[in-house]
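Participant: Here's a structure for you.
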Amino acid sequence: MGSWTTLGPAVLSLAGVALGAAGTLFGQYLVSRASARQVEAQESAAHRAELKGVILKFLGVAFQVKKAVPAPSDADDSLEGLVEELWLTHAELDLAARTEPLRGAAYRFAARLTEASRSSAVDGGVLHRAQVEFMNAAYDDLWPGQRRDSAAL
């Protein structure tokens with residue numbers, strides 16, 4: 001019995017140290033997981049803001065081209081410049097987009113606008129469908145998993 005009275009406190013001390021170390025490691029693991037989630041959320045928000053800016057820039061140029069298309073006049077040079085700017089903003093969007101559907105929809109919308117700028121016959125329905133497809137893809141890329149009211153288009 002004499003040996004337990006000497007060994008008991010030492011064993012209990014070691015068990016306490018081991019339990020404390022395990023608790024500290026587990027706490028650090030939980031903190032690192034929470035930090036990783038926070039960093040991921042911040043990066044996602046920053047990317048969403050960047051993508052939103054690029055989408056709005058693309059749409060601004062696309063609407064300028066769309067507005068100039070129905071009445072091409074002597075200002076064909078300015079329309080050609082707008083088409084070039086459209087493709088430049090398309091390239092920015094292509095680099096910023098996370099999903100292939102957004103890249104494809106942006107390409108198809110830009111291609112339809114380019115075709116319309118070079119043709120005297122403009123099919124408004126084709127342009128509108130390309131625009132709706134682009135807007136739906138942009139919404140899905142910015143807010144994945146959320147429903148969009150397509151009746152607003």
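Residues are referred to by chain and number: the chain letter is A, B, ... according to the order shown in the structure tokens, the number counts from 1 in that chain, and ligands are numbered separately from 1 in the order shown.
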Name all residues at most 12 Å from Ala62 (chain A) (count only C-alpha atoms; drop same-chain ones fewer than 3 positions away) and give them as a PyMOL selection string.

Facilitator: chain A and resi 55-59+65-69+79+82-90+106-114+116-117+127-128+130-131+134

Participant: Produce a file of the selected residues containing N, CA and C atoms, as a compact mmCIF listing (two decimals), in the first residue's frame.

Facilitator:
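Here's the written file out-v1.txt:
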```
# COMPACT_ATOMS: atom_id res chain seq x y z
N ILE A 55 -19.76 41.57 -63.92
CA ILE A 55 -21.05 41.31 -64.58
C ILE A 55 -21.73 42.62 -64.93
N LEU A 56 -21.74 43.55 -64.00
CA LEU A 56 -22.37 44.85 -64.26
C LEU A 56 -21.65 45.62 -65.37
N LYS A 57 -20.34 45.52 -65.39
CA LYS A 57 -19.57 46.17 -66.46
C LYS A 57 -19.91 45.56 -67.80
N PHE A 58 -19.96 44.23 -67.86
CA PHE A 58 -20.31 43.52 -69.09
C PHE A 58 -21.71 43.92 -69.55
N LEU A 59 -22.66 43.95 -68.61
CA LEU A 59 -24.03 44.32 -68.96
C LEU A 59 -24.11 45.76 -69.45
N VAL A 65 -24.33 48.28 -76.74
CA VAL A 65 -24.33 47.65 -78.06
C VAL A 65 -25.76 47.37 -78.50
N LYS A 66 -26.56 46.81 -77.60
CA LYS A 66 -27.95 46.47 -77.92
C LYS A 66 -28.74 47.72 -78.33
N LYS A 67 -28.48 48.81 -77.67
CA LYS A 67 -29.17 50.07 -77.98
C LYS A 67 -28.73 50.60 -79.35
N ALA A 68 -27.47 50.44 -79.69
CA ALA A 68 -26.95 50.96 -80.96
C ALA A 68 -27.28 50.06 -82.14
N VAL A 69 -27.61 48.80 -81.89
CA VAL A 69 -27.83 47.84 -82.97
C VAL A 69 -29.05 48.15 -83.83
N LEU A 79 -19.92 51.80 -83.05
CA LEU A 79 -20.52 50.50 -82.74
C LEU A 79 -19.45 49.42 -82.74
N LEU A 82 -17.64 49.65 -79.55
CA LEU A 82 -18.43 49.07 -78.46
C LEU A 82 -18.37 47.55 -78.49
N VAL A 83 -18.39 46.97 -79.68
CA VAL A 83 -18.30 45.51 -79.80
C VAL A 83 -16.94 45.03 -79.29
N GLU A 84 -15.88 45.76 -79.62
CA GLU A 84 -14.56 45.40 -79.11
C GLU A 84 -14.52 45.50 -77.59
N GLU A 85 -15.13 46.56 -77.05
CA GLU A 85 -15.19 46.71 -75.59
C GLU A 85 -16.02 45.60 -74.96
N LEU A 86 -17.09 45.18 -75.65
CA LEU A 86 -17.91 44.07 -75.17
C LEU A 86 -17.08 42.81 -75.03
N TRP A 87 -16.25 42.51 -76.03
CA TRP A 87 -15.44 41.30 -75.96
C TRP A 87 -14.34 41.41 -74.91
N LEU A 88 -13.86 42.62 -74.68
CA LEU A 88 -12.87 42.80 -73.62
C LEU A 88 -13.51 42.56 -72.25
N THR A 89 -14.69 43.09 -72.04
CA THR A 89 -15.37 42.84 -70.76
C THR A 89 -15.80 41.39 -70.65
N HIS A 90 -16.09 40.76 -71.79
CA HIS A 90 -16.39 39.32 -71.77
C HIS A 90 -15.17 38.55 -71.26
N ALA A 106 -22.38 34.02 -71.18
CA ALA A 106 -21.78 35.32 -71.51
C ALA A 106 -21.26 35.30 -72.95
N TYR A 107 -20.65 34.19 -73.34
CA TYR A 107 -20.14 34.08 -74.71
C TYR A 107 -21.29 34.14 -75.71
N ARG A 108 -22.35 33.37 -75.45
CA ARG A 108 -23.48 33.35 -76.39
C ARG A 108 -24.15 34.71 -76.48
N PHE A 109 -24.28 35.41 -75.36
CA PHE A 109 -24.89 36.74 -75.38
C PHE A 109 -24.02 37.70 -76.18
N ALA A 110 -22.72 37.68 -75.94
CA ALA A 110 -21.80 38.56 -76.68
C ALA A 110 -21.80 38.20 -78.17
N ALA A 111 -21.84 36.91 -78.48
CA ALA A 111 -21.85 36.49 -79.88
C ALA A 111 -23.11 36.95 -80.59
N ARG A 112 -24.27 36.82 -79.91
CA ARG A 112 -25.54 37.27 -80.51
C ARG A 112 -25.52 38.79 -80.73
N LEU A 113 -24.97 39.53 -79.77
CA LEU A 113 -24.89 40.98 -79.93
C LEU A 113 -23.95 41.34 -81.07
N THR A 114 -22.85 40.62 -81.20
CA THR A 114 -21.91 40.88 -82.29
C THR A 114 -22.57 40.58 -83.63
N ALA A 116 -25.73 40.68 -84.29
CA ALA A 116 -26.75 41.71 -84.51
C ALA A 116 -26.11 43.02 -84.96
N SER A 117 -24.91 43.30 -84.46
CA SER A 117 -24.25 44.56 -84.84
C SER A 117 -23.75 44.53 -86.28
N LEU A 127 -31.93 37.80 -79.12
CA LEU A 127 -31.15 38.62 -78.19
C LEU A 127 -31.72 38.53 -76.78
N HIS A 128 -33.05 38.58 -76.68
CA HIS A 128 -33.68 38.54 -75.36
C HIS A 128 -33.42 37.19 -74.68
N ALA A 130 -30.90 35.18 -75.16
CA ALA A 130 -29.49 35.14 -74.77
C ALA A 130 -29.26 35.97 -73.51
N GLN A 131 -29.95 37.11 -73.43
CA GLN A 131 -29.82 37.96 -72.24
C GLN A 131 -30.41 37.27 -71.01
N PHE A 134 -28.11 34.56 -69.88
CA PHE A 134 -26.96 35.14 -69.19
C PHE A 134 -27.33 35.57 -67.78
```

Participant: Env of region 140-148 of chain A: 8 Å cut, atoms = only C-alpha atoms, seq-sep filter 5 positions within chain, self excluded. Answer as a PyMOL selection string.

Facilitator: chain A and resi 48+51-52+97-99+102

Participant: Write to file, as a compact mmCIF listing (two decimals), in the first residue's frame, the residues of the selection just made, with C-alpha atoms.

Facilitator:
```
# COMPACT_ATOMS: atom_id res chain seq x y z
CA ARG A 48 -18.85 37.60 -55.31
CA LEU A 51 -17.78 39.04 -60.07
CA LYS A 52 -20.78 41.29 -59.54
CA ALA A 97 -16.53 33.41 -63.41
CA ARG A 98 -16.47 30.25 -61.34
CA THR A 99 -18.86 28.21 -63.42
CA LEU A 102 -21.88 31.59 -66.79
```

Participant: I need the residue nearest Val54 (chain A) from this list: A:Leu95, A:Leu12, A:Ala121, A:Glu133. Use only C-alpha atoms for the distance.

Facilitator: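 Looking only at the distances to Val54 (chain A), the closest residue turns out to be A:Leu95.
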
Participant: Just how far from CA of Tyr139 (chain A) is CA of Glu80 (chain A), in Å to one decimal?

Facilitator: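 About the pair CA of Glu80 (chain A) and CA of Tyr139 (chain A): they are 28.7 Å apart.
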
Participant: Apply DSSP to the structure's backbone, then extract all residues of region 42-124 of chain A labelled alpha helix (DSSP H) and return them as a PyMOL selection string.

Facilitator: chain A and resi 42-68+76-96+100-117+124

Participant: Tell me, in Å to one decimal, how far CA of Tyr29 (chain A) is from CA of Ala46 (chain A).

Facilitator: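 That distance, rounded to one decimal, is 25.7 Å.
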